[in-house]
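> TSV, C-alpha atoms and all ligand atoms, saved as run-v6.tsv, coming up:
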chain	number	residue	atom	x	y	z
J	30	MET	CA	-30.37	17.86	27.12
J	31	ALA	CA	-29.15	18.70	23.63
J	32	ALA	CA	-25.76	17.34	22.75
J	33	SER	CA	-23.12	19.99	22.98
J	34	ILE	CA	-19.37	19.83	22.69
J	35	GLU	CA	-19.17	20.35	26.45
J	36	ASN	CA	-21.56	17.49	27.23
J	37	ASN	CA	-19.86	15.25	24.68
J	38	TYR	CA	-16.48	15.96	26.19
J	39	HIS	CA	-17.59	15.26	29.76
J	40	GLN	CA	-19.26	12.05	28.69
J	41	THR	CA	-16.20	10.97	26.72
J	42	MET	CA	-13.91	11.66	29.66
J	43	GLU	CA	-16.16	9.60	31.92
J	44	ILE	CA	-16.04	6.62	29.58
J	45	PHE	CA	-12.29	7.14	29.13
J	46	THR	CA	-11.63	7.28	32.86
J	47	GLU	CA	-13.72	4.20	33.51
J	48	ALA	CA	-11.99	2.27	30.69
J	49	CYS	CA	-8.59	3.16	32.18
J	50	ARG	CA	-9.75	2.08	35.62
J	51	GLN	CA	-10.98	-1.24	34.29
J	52	ALA	CA	-7.69	-1.76	32.48
J	53	GLY	CA	-5.91	-1.22	35.80
J	54	LYS	CA	-4.36	2.04	34.64
J	55	SER	CA	-4.40	5.58	35.84
J	56	PRO	CA	-6.07	7.98	33.36
J	57	GLN	CA	-2.71	9.79	33.37
J	58	ASP	CA	-1.11	6.74	31.77
J	59	VAL	CA	-3.29	6.91	28.67
J	60	THR	CA	-3.60	9.99	26.46
J	61	LEU	CA	-6.82	10.95	24.79
J	62	ILE	CA	-6.24	12.96	21.63
J	63	ALA	CA	-9.22	15.10	20.64
J	64	VAL	CA	-9.33	14.82	16.85
J	65	SER	CA	-10.39	18.27	15.70
J	66	LYS	CA	-10.12	17.88	11.92
J	67	PHE	CA	-12.86	19.79	10.06
J	68	PHE	CA	-13.72	21.77	13.20
J	69	LEU	CA	-13.06	25.45	13.66
J	70	PRO	CA	-10.65	27.05	16.10
J	71	ALA	CA	-13.61	28.31	18.15
J	72	ASP	CA	-14.77	24.71	18.74
J	73	ILE	CA	-11.25	23.62	19.62
J	74	GLN	CA	-10.99	26.51	22.07
J	75	ARG	CA	-14.15	25.27	23.84
J	76	VAL	CA	-12.58	21.86	24.40
J	77	TYR	CA	-9.31	23.48	25.42
J	78	ASP	CA	-11.22	25.52	28.00
J	79	LEU	CA	-12.42	22.25	29.57
J	80	GLY	CA	-8.82	21.25	30.12
J	81	GLN	CA	-7.97	19.26	26.99
J	82	ARG	CA	-4.43	19.83	25.70
J	83	PHE	CA	-3.85	17.07	23.11
J	84	PHE	CA	-5.45	17.61	19.72
J	85	GLY	CA	-5.15	15.64	16.50
J	86	GLU	CA	-5.23	16.80	12.89
J	87	ASN	CA	-4.92	14.79	9.70
J	88	ARG	CA	-4.22	17.49	7.12
J	89	ALA	CA	-1.15	19.69	6.95
J	90	GLN	CA	-3.19	22.64	5.72
J	91	GLU	CA	-5.54	22.59	8.71
J	92	LEU	CA	-2.73	22.26	11.19
J	93	MET	CA	-0.94	25.21	9.58
J	94	GLU	CA	-4.04	27.36	9.88
J	95	LYS	CA	-5.07	26.37	13.40
J	96	GLN	CA	-1.81	26.14	15.27
J	97	PRO	CA	-0.94	29.87	15.10
J	98	VAL	CA	-4.37	31.05	16.32
J	99	LEU	CA	-4.78	28.68	19.29
J	100	PRO	CA	-3.01	28.48	22.66
J	101	LYS	CA	0.66	27.61	22.48
J	102	ASP	CA	0.50	24.82	25.06
J	103	ILE	CA	-1.65	22.63	22.80
J	104	ARG	CA	0.15	19.45	21.79
J	105	TRP	CA	-0.75	18.86	18.15
J	106	HIS	CA	-0.53	15.25	17.00
J	107	PHE	CA	-0.44	14.65	13.29
J	108	ILE	CA	-2.48	11.49	12.64
J	109	GLY	CA	-3.28	11.35	8.93
J	110	ARG	CA	-1.62	10.40	5.70
J	111	LEU	CA	1.20	12.87	5.20
J	112	GLN	CA	2.49	13.76	1.77
J	113	ARG	CA	6.22	14.20	1.64
J	114	ASN	CA	5.99	17.71	0.21
J	115	LYS	CA	3.90	18.82	3.22
J	116	VAL	CA	6.32	17.73	5.93
J	117	LYS	CA	8.10	21.07	5.87
J	118	TYR	CA	4.90	22.89	6.83
J	119	ILE	CA	4.20	20.91	9.97
J	120	ILE	CA	7.62	19.91	11.24
J	121	ASP	CA	7.79	22.74	13.77
J	122	LYS	CA	4.08	22.57	14.67
J	123	ALA	CA	3.44	18.91	15.43
J	124	ALA	CA	4.44	17.34	18.75
J	125	MET	CA	4.31	13.86	17.24
J	126	ILE	CA	3.60	12.25	13.86
J	127	HIS	CA	1.57	9.04	14.25
J	128	SER	CA	1.40	8.07	10.61
J	129	VAL	CA	4.83	7.19	9.25
J	130	ASP	CA	3.89	4.73	6.53
J	131	SER	CA	6.97	4.61	4.29
J	132	LEU	CA	10.72	4.87	4.46
J	133	GLU	CA	10.54	7.79	2.03
J	134	LEU	CA	8.28	9.75	4.37
J	135	ALA	CA	10.58	8.97	7.31
J	136	ARG	CA	13.57	10.26	5.31
J	137	GLU	CA	11.79	13.52	4.55
J	138	ILE	CA	10.81	13.98	8.21
J	139	SER	CA	14.44	13.37	9.10
J	140	ARG	CA	15.63	15.91	6.54
J	141	GLN	CA	13.19	18.63	7.60
J	142	ALA	CA	13.73	18.01	11.30
J	143	GLN	CA	17.44	18.52	10.87
J	144	LEU	CA	16.85	21.75	8.91
J	145	LYS	CA	14.66	23.07	11.74
J	146	ASP	CA	16.92	21.59	14.42
J	147	VAL	CA	14.15	19.61	16.10
J	148	GLU	CA	13.78	15.96	17.02
J	149	MET	CA	10.41	14.60	15.93
J	150	PRO	CA	8.81	11.75	17.86
J	151	VAL	CA	7.14	9.39	15.39
J	152	LEU	CA	4.97	6.29	15.44
J	153	ILE	CA	5.13	3.71	12.70
J	154	GLN	CA	1.79	2.96	11.08
J	155	VAL	CA	0.90	-0.70	10.76
J	156	ASN	CA	-1.78	-2.10	8.49
J	157	LEU	CA	-2.52	-5.43	10.15
J	158	GLY	CA	-5.76	-6.02	8.35
J	159	GLY	CA	-4.01	-5.68	5.00
J	160	GLU	CA	-6.76	-3.32	3.90
J	161	GLU	CA	-5.90	-1.92	0.47
J	162	THR	CA	-7.29	1.52	1.22
J	163	LYS	CA	-5.22	1.93	4.37
J	164	ALA	CA	-1.63	2.97	4.63
J	165	GLY	CA	0.97	1.33	6.81
J	166	PHE	CA	3.55	-1.42	6.95
J	167	ALA	CA	2.58	-5.07	6.96
J	168	ALA	CA	3.60	-6.94	10.11
J	169	GLU	CA	6.17	-8.96	8.13
J	170	GLU	CA	8.03	-5.87	6.94
J	171	LEU	CA	7.97	-4.11	10.30
J	172	ARG	CA	11.27	-5.29	11.67
J	173	ALA	CA	13.39	-4.27	8.67
J	174	SER	CA	11.47	-1.00	8.31
J	175	LEU	CA	11.94	-0.11	11.97
J	176	ALA	CA	15.66	-0.74	11.68
J	177	ALA	CA	15.93	1.49	8.61
J	178	ILE	CA	13.84	4.32	10.09
J	179	ALA	CA	15.40	4.27	13.54
J	180	GLY	CA	18.79	4.94	12.00
J	181	LEU	CA	17.69	8.31	10.64
J	182	PRO	CA	18.76	11.45	12.50
J	183	GLY	CA	16.16	14.00	13.62
J	184	LEU	CA	13.42	11.56	14.49
J	185	LYS	CA	12.71	9.25	17.41
J	186	VAL	CA	10.69	6.08	16.88
J	187	GLN	CA	8.41	5.77	19.92
J	188	GLY	CA	5.87	3.14	18.97
J	189	LEU	CA	3.20	1.92	16.60
J	190	MET	CA	-0.11	3.20	15.32
J	191	THR	CA	-2.97	1.55	13.51
J	192	ILE	CA	-6.32	2.55	12.08
J	193	GLY	CA	-8.72	-0.31	12.65
J	194	PRO	CA	-11.53	-1.15	10.28
J	195	TYR	CA	-14.92	0.30	11.19
J	196	MET	CA	-17.00	-2.45	12.76
J	197	ALA	CA	-20.57	-1.84	13.87
J	198	ASP	CA	-19.75	-3.87	16.98
J	199	PRO	CA	-16.56	-2.49	18.56
J	200	GLU	CA	-15.93	-5.90	20.12
J	201	ALA	CA	-15.17	-7.16	16.63
J	202	THR	CA	-12.02	-5.02	16.58
J	203	ARG	CA	-10.69	-6.45	19.85
J	204	PRO	CA	-8.63	-9.25	18.21
J	205	LEU	CA	-6.88	-6.72	15.99
J	206	PHE	CA	-6.07	-4.47	18.97
J	207	ARG	CA	-4.73	-7.52	20.77
J	208	GLN	CA	-2.51	-8.38	17.79
J	209	MET	CA	-1.18	-4.84	17.80
J	210	ARG	CA	-0.29	-5.15	21.46
J	211	ALA	CA	1.56	-8.39	20.74
J	212	LEU	CA	3.35	-6.76	17.82
J	213	LYS	CA	4.44	-3.87	20.03
J	214	GLU	CA	5.85	-6.33	22.56
J	215	ALA	CA	7.60	-8.29	19.83
J	216	ALA	CA	9.05	-5.09	18.39
J	217	ALA	CA	10.33	-4.09	21.83
J	218	SER	CA	12.04	-7.47	22.18
J	219	TRP	CA	13.93	-6.95	18.90
J	220	ASP	CA	16.00	-4.32	20.72
J	221	ILE	CA	16.61	-2.24	17.63
J	222	PRO	CA	18.96	0.65	18.44
J	223	GLY	CA	17.09	3.95	18.44
J	224	VAL	CA	13.66	2.34	18.83
J	225	ASP	CA	11.80	3.08	22.03
J	226	MET	CA	8.62	0.95	21.85
J	227	ARG	CA	6.67	3.02	24.32
J	228	TYR	CA	3.38	3.86	22.70
J	229	LEU	CA	0.54	2.18	20.91
J	230	SER	CA	-1.89	4.55	19.18
J	231	MET	CA	-5.20	2.82	18.42
J	232	GLY	CA	-8.92	3.28	18.97
J	233	MET	CA	-11.34	5.92	17.74
J	234	SER	CA	-14.75	7.26	18.80
J	235	HIS	CA	-16.68	4.02	18.60
J	236	ASP	CA	-14.02	1.62	19.93
J	237	TYR	CA	-11.60	3.53	22.18
J	238	ALA	CA	-12.81	1.77	25.33
J	239	VAL	CA	-11.93	-1.61	23.77
J	240	ALA	CA	-8.58	-0.22	22.60
J	241	ILE	CA	-7.75	0.94	26.14
J	242	ALA	CA	-8.65	-2.49	27.49
J	243	GLU	CA	-6.19	-4.00	24.98
J	244	GLY	CA	-3.32	-1.68	25.83
J	245	ALA	CA	-3.67	1.57	23.88
J	246	ASP	CA	-1.48	4.43	25.10
J	247	PHE	CA	-3.06	6.98	22.76
J	248	VAL	CA	-6.69	6.95	21.66
J	249	ARG	CA	-7.82	9.31	18.89
J	250	VAL	CA	-11.35	10.52	19.49
J	251	GLY	CA	-13.06	12.92	17.10
J	252	SER	CA	-16.79	12.71	16.47
J	253	ALA	CA	-17.67	11.54	19.99
J	254	ILE	CA	-16.45	14.95	21.19
J	255	PHE	CA	-17.01	17.36	18.30
J	256	GLY	CA	-20.01	15.72	16.64
J	257	ASN	CA	-20.28	14.52	13.08
J	258	ARG	CA	-18.00	16.00	10.49
J	259	ILE	CA	-19.68	17.46	7.43
J	260	TYR	CA	-17.64	16.35	4.43
J	261	GLU	CA	-18.16	18.40	1.32
R	301	LIG	C1	-10.57	11.12	11.95
R	301	LIG	C2	-9.61	10.21	12.59
R	301	LIG	C3	-9.82	9.75	13.89
R	301	LIG	C4	-11.06	10.07	14.71
R	301	LIG	O1	-12.18	9.47	14.17
R	301	LIG	P1	-13.60	9.47	14.97
R	301	LIG	O2	-14.28	8.25	14.49
R	301	LIG	O3	-14.27	10.72	14.61
R	301	LIG	O4	-13.27	9.41	16.41
R	301	LIG	C5	-8.86	8.93	14.45
R	301	LIG	N1	-7.75	8.58	13.78
R	301	LIG	C6	-7.50	9.02	12.53
R	301	LIG	C7	-6.26	8.61	11.84
R	301	LIG	C8	-8.42	9.85	11.89
R	301	LIG	O5	-8.18	10.27	10.64
Could you quickly redo this structure as C-alpha cells?

Amino acid sequence: MAASIENNYHQTMEIFTEACRQAGKSPQDVTLIAVSKFFLPADIQRVYDLGQRFFGENRAQELMEKQPVLPKDIRWHFIGRLQRNKVKYIIDKAAMIHSVDSLELAREISRQAQLKDVEMPVLIQVNLGGEETKAGFAAEELRASLAAIAGLPGLKVQGLMTIGPYMADPEATRPLFRQMRALKEAAASWDIPGVDMRYLSMGMSHDYAVAIAEGADFVRVGSAIFGNRIYE
C-alpha cells in the first residue's frame, strides 16, 4: 500500500505504543508531538482527524499562519530556534516553548508573557554534544542558567530538551539520551526554586523509540508521519 499520512500515523503510533510498553510506561505518560513544519493546514487536519492533538512548529511565521485556521484544541509546541523579536507573535499561541537557549530569550519570553498575562511553560535546551551548529546550554552552565531563568516571572521551567545528532544507527544516540536523563535527575536534585524538572523532550523520527526507552517524556516526530519535507 502506498504510504499515506494516515498509514504513517498509524504505524508511528504502533511503534510509539510498543516503545512505551517496553519502557514500562503507559502511552498516556509520554507525549508524541507531531512536527508539522513545512506541511499545510490540510495535512495537519488529517492527522488531527485521527486523534492527534499535540503539534510542533519551529518557525514563528508558520505557527502564526496555522494556529488561527486549525482547531482550537490543538496544543502547539514551539520547538525551534526562536528569535527574540518573534516571541511576541507566538506567546499567546504556543502551549510550551521547548527551545530556550539563552538567558536573553528567557527574559523576552518573560516580558511578553507578562504583557499578555499568560504563564508560559518552557524547557531549557541543552547541547550535550557541544555541536557548534546547535543551540543550547552546555551541561556545565546549566545549573546557574536554570537558577537565573527560573527567577523570571511569566514563565515556568518544566524540564530539558535536546536535539541529538543524526546517526544512521539510532542506537548510537542512546548514550546521549541516557546522559540527558541523568542530567534531568541531577537538575531535579538541585532543588532550584521555581524549577519543576518534569519533562525531557528528546527523540525524533528515526530515534524516538530509543529516546522513550531512555526516559523521554516528549518525542518530536515529523517526517515519519508527514513524509519528507521539501526544502526550497
Ligand atoms: C524538525 C524537527 C523535529 C522532527 O524531525 P523529524 O526527523 O522529521 O522527525 C524534531 N525536533 C526539532 C527541534 C525539529 O526542528
> Considering all atoms listed in the file, give me a table of residues in chain J that are at most 7 Å from ligand LIG 301 (chain R), with the closest atom pair and distance in Å for each, as CSV.

residue,atom,partner,partner_atom,distance
J:Val64,CA,R:LIG301,C4,5.5
J:Lys66,CA,R:LIG301,C1,6.8
J:Asn87,CA,R:LIG301,O5,5.7
J:Ile108,CA,R:LIG301,C7,4.8
J:Gly109,CA,R:LIG301,C7,5.0
J:Ile192,CA,R:LIG301,C7,6.1
J:Met233,CA,R:LIG301,O4,4.2
J:Ser234,CA,R:LIG301,O4,3.5
J:His235,CA,R:LIG301,O2,6.4
J:Arg249,CA,R:LIG301,C5,4.6
J:Val250,CA,R:LIG301,O4,3.8
J:Gly251,CA,R:LIG301,O3,3.5
J:Ser252,CA,R:LIG301,O3,3.7
J:Ala253,CA,R:LIG301,O4,6.1
> For those residues, write C-alpha atoms to a file as a short mmCIF file (atom, residue, chain, number, x, y, z; two decimals), in the coordinates of the input.

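Saved as selection_11.cif:
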data_model
loop_
_atom_site.label_atom_id
_atom_site.label_comp_id
_atom_site.auth_asym_id
_atom_site.auth_seq_id
_atom_site.Cartn_x
_atom_site.Cartn_y
_atom_site.Cartn_z
CA VAL J 64 -9.33 14.82 16.85
CA LYS J 66 -10.12 17.88 11.92
CA ASN J 87 -4.92 14.79 9.70
CA ILE J 108 -2.48 11.49 12.64
CA GLY J 109 -3.28 11.35 8.93
CA ILE J 192 -6.32 2.55 12.08
CA MET J 233 -11.34 5.92 17.74
CA SER J 234 -14.75 7.26 18.80
CA HIS J 235 -16.68 4.02 18.60
CA ARG J 249 -7.82 9.31 18.89
CA VAL J 250 -11.35 10.52 19.49
CA GLY J 251 -13.06 12.92 17.10
CA SER J 252 -16.79 12.71 16.47
CA ALA J 253 -17.67 11.54 19.99
#
> Counting all atoms listed in the file, which residues in segment 128-185 of chain J sit no more than 12 Å from segment 96-107 of chain J? For each one, give the nearest pair of atoms and the distance in Å, sorted by chain then residue number, as JSON lines.

{"residue": "J:Ser128", "atom": "CA", "partner": "J:Phe107", "partner_atom": "CA", "distance": 7.3}
{"residue": "J:Val129", "atom": "CA", "partner": "J:Phe107", "partner_atom": "CA", "distance": 10.0}
{"residue": "J:Met149", "atom": "CA", "partner": "J:His106", "partner_atom": "CA", "distance": 11.0}
{"residue": "J:Pro150", "atom": "CA", "partner": "J:His106", "partner_atom": "CA", "distance": 10.0}
{"residue": "J:Val151", "atom": "CA", "partner": "J:Phe107", "partner_atom": "CA", "distance": 9.5}
{"residue": "J:Leu152", "atom": "CA", "partner": "J:Phe107", "partner_atom": "CA", "distance": 10.2}
> Could you give me, as an MDAnalysis selection string, the residues within 12 Å of Gln141 of chain J, counting all atoms listed in the file and dropping anything in the same chain fewer than 2 positions from it?
chainID J and resid 113:121 134:139 143:149 181:184
> Rank J:Ala176, J:Phe67, J:Thr60, J:Ala240 by their smallest atom-to-atom distance to Arg258 of chain J, using only C-alpha atoms, and report the top residue only.
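Counting only C-alpha atoms, the residue closest to Arg258 of chain J is J:Phe67.
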> One number please: atom CA of Tyr77 of chain J to atom CA of Asn257 of chain J, in Å, one decimal.
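Pair atom CA of Tyr77 of chain J / atom CA of Asn257 of chain J returns 18.8 Å.
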> Under the rule that all atoms listed in the file are counted, which of J:Arg82, J:Arg172, J:Arg203, J:His127 is the nearest residue to Val224 of chain J?
J:Arg172
> Between atom CA of Ala63 of chain J and atom CA of Thr41 of chain J, measure the distance and give it in Å to one decimal.
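Computed distance, atom CA of Ala63 of chain J to atom CA of Thr41 of chain J, equals 10.1 Å.
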> Kindly indicate which residue among J:Gly85, J:Gly158, J:Gly188, J:Pro199 lies nearest to Asp246 of chain J, using all atoms listed in the file for the distances.
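Selected residue with least distance to Asp246 of chain J: J:Gly188.
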> From the set J:Leu111, J:Met42, J:Ala164, J:Ala201, which residue has the shortest atom-to-atom contact distance to Gln57 of chain J, counting all atoms listed in the file?
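Comparing J:Leu111, J:Met42, J:Ala164, J:Ala201 against Gln57 of chain J, the winner is J:Met42.
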> Please produce segment 195-219 of chain J, completed to N, CA, C and O atoms, as a JSON list (two decimals), keeping the file's coordinate frame.

[["chain", "number", "residue", "atom", "x", "y", "z"],
["J", 195, "TYR", "N", -13.70, -0.04, 10.45],
["J", 195, "TYR", "CA", -14.92, 0.30, 11.19],
["J", 195, "TYR", "C", -15.80, -0.95, 11.30],
["J", 195, "TYR", "O", -16.15, -1.56, 10.32],
["J", 196, "MET", "N", -16.11, -1.31, 12.52],
["J", 196, "MET", "CA", -17.00, -2.45, 12.76],
["J", 196, "MET", "C", -18.18, -1.94, 13.56],
["J", 196, "MET", "O", -17.99, -1.24, 14.56],
["J", 197, "ALA", "N", -19.38, -2.30, 13.15],
["J", 197, "ALA", "CA", -20.57, -1.84, 13.87],
["J", 197, "ALA", "C", -20.45, -2.23, 15.35],
["J", 197, "ALA", "O", -20.80, -1.45, 16.23],
["J", 198, "ASP", "N", -19.96, -3.43, 15.60],
["J", 198, "ASP", "CA", -19.75, -3.87, 16.98],
["J", 198, "ASP", "C", -18.27, -3.69, 17.33],
["J", 198, "ASP", "O", -17.41, -4.37, 16.79],
["J", 199, "PRO", "N", -17.97, -2.75, 18.24],
["J", 199, "PRO", "CA", -16.56, -2.49, 18.56],
["J", 199, "PRO", "C", -15.82, -3.72, 19.08],
["J", 199, "PRO", "O", -14.61, -3.81, 18.95],
["J", 200, "GLU", "N", -16.56, -4.66, 19.65],
["J", 200, "GLU", "CA", -15.93, -5.90, 20.12],
["J", 200, "GLU", "C", -15.23, -6.64, 18.99],
["J", 200, "GLU", "O", -14.27, -7.39, 19.20],
["J", 201, "ALA", "N", -15.74, -6.45, 17.77],
["J", 201, "ALA", "CA", -15.17, -7.16, 16.63],
["J", 201, "ALA", "C", -13.74, -6.71, 16.33],
["J", 201, "ALA", "O", -12.99, -7.40, 15.66],
["J", 202, "THR", "N", -13.37, -5.54, 16.83],
["J", 202, "THR", "CA", -12.02, -5.02, 16.58],
["J", 202, "THR", "C", -11.04, -5.46, 17.67],
["J", 202, "THR", "O", -9.84, -5.30, 17.54],
["J", 203, "ARG", "N", -11.56, -6.07, 18.73],
["J", 203, "ARG", "CA", -10.69, -6.45, 19.85],
["J", 203, "ARG", "C", -9.52, -7.36, 19.42],
["J", 203, "ARG", "O", -8.37, -7.10, 19.82],
["J", 204, "PRO", "N", -9.76, -8.38, 18.60],
["J", 204, "PRO", "CA", -8.63, -9.25, 18.21],
["J", 204, "PRO", "C", -7.51, -8.48, 17.50],
["J", 204, "PRO", "O", -6.33, -8.76, 17.72],
["J", 205, "LEU", "N", -7.89, -7.51, 16.69],
["J", 205, "LEU", "CA", -6.88, -6.72, 15.99],
["J", 205, "LEU", "C", -6.08, -5.85, 16.98],
["J", 205, "LEU", "O", -4.85, -5.76, 16.90],
["J", 206, "PHE", "N", -6.77, -5.25, 17.94],
["J", 206, "PHE", "CA", -6.07, -4.47, 18.97],
["J", 206, "PHE", "C", -5.10, -5.38, 19.75],
["J", 206, "PHE", "O", -3.99, -4.98, 20.08],
["J", 207, "ARG", "N", -5.56, -6.59, 20.01],
["J", 207, "ARG", "CA", -4.73, -7.52, 20.77],
["J", 207, "ARG", "C", -3.47, -7.90, 19.97],
["J", 207, "ARG", "O", -2.37, -7.97, 20.51],
["J", 208, "GLN", "N", -3.67, -8.08, 18.66],
["J", 208, "GLN", "CA", -2.51, -8.38, 17.79],
["J", 208, "GLN", "C", -1.52, -7.21, 17.77],
["J", 208, "GLN", "O", -0.31, -7.42, 17.72],
["J", 209, "MET", "N", -2.06, -6.01, 17.79],
["J", 209, "MET", "CA", -1.18, -4.84, 17.80],
["J", 209, "MET", "C", -0.35, -4.79, 19.07],
["J", 209, "MET", "O", 0.83, -4.46, 19.06],
["J", 210, "ARG", "N", -1.00, -5.12, 20.18],
["J", 210, "ARG", "CA", -0.29, -5.15, 21.46],
["J", 210, "ARG", "C", 0.84, -6.18, 21.42],
["J", 210, "ARG", "O", 1.97, -5.92, 21.86],
["J", 211, "ALA", "N", 0.54, -7.34, 20.85],
["J", 211, "ALA", "CA", 1.56, -8.39, 20.74],
["J", 211, "ALA", "C", 2.70, -7.94, 19.82],
["J", 211, "ALA", "O", 3.88, -8.21, 20.09],
["J", 212, "LEU", "N", 2.34, -7.24, 18.76],
["J", 212, "LEU", "CA", 3.35, -6.76, 17.82],
["J", 212, "LEU", "C", 4.25, -5.72, 18.48],
["J", 212, "LEU", "O", 5.47, -5.71, 18.28],
["J", 213, "LYS", "N", 3.65, -4.87, 19.29],
["J", 213, "LYS", "CA", 4.44, -3.87, 20.03],
["J", 213, "LYS", "C", 5.43, -4.58, 20.96],
["J", 213, "LYS", "O", 6.61, -4.21, 21.04],
["J", 214, "GLU", "N", 4.95, -5.62, 21.64],
["J", 214, "GLU", "CA", 5.85, -6.33, 22.56],
["J", 214, "GLU", "C", 6.95, -7.06, 21.80],
["J", 214, "GLU", "O", 8.11, -7.06, 22.20],
["J", 215, "ALA", "N", 6.58, -7.64, 20.66],
["J", 215, "ALA", "CA", 7.60, -8.29, 19.83],
["J", 215, "ALA", "C", 8.64, -7.27, 19.37],
["J", 215, "ALA", "O", 9.85, -7.50, 19.48],
["J", 216, "ALA", "N", 8.15, -6.13, 18.90],
["J", 216, "ALA", "CA", 9.05, -5.09, 18.39],
["J", 216, "ALA", "C", 9.99, -4.60, 19.50],
["J", 216, "ALA", "O", 11.18, -4.34, 19.26],
["J", 217, "ALA", "N", 9.47, -4.50, 20.71],
["J", 217, "ALA", "CA", 10.33, -4.09, 21.83],
["J", 217, "ALA", "C", 11.41, -5.13, 22.06],
["J", 217, "ALA", "O", 12.57, -4.79, 22.36],
["J", 218, "SER", "N", 11.07, -6.39, 21.90],
["J", 218, "SER", "CA", 12.04, -7.47, 22.18],
["J", 218, "SER", "C", 13.12, -7.56, 21.10],
["J", 218, "SER", "O", 14.15, -8.18, 21.32],
["J", 219, "TRP", "N", 12.90, -6.93, 19.94],
["J", 219, "TRP", "CA", 13.93, -6.95, 18.90],
["J", 219, "TRP", "C", 15.12, -6.08, 19.27],
["J", 219, "TRP", "O", 16.17, -6.18, 18.64]]
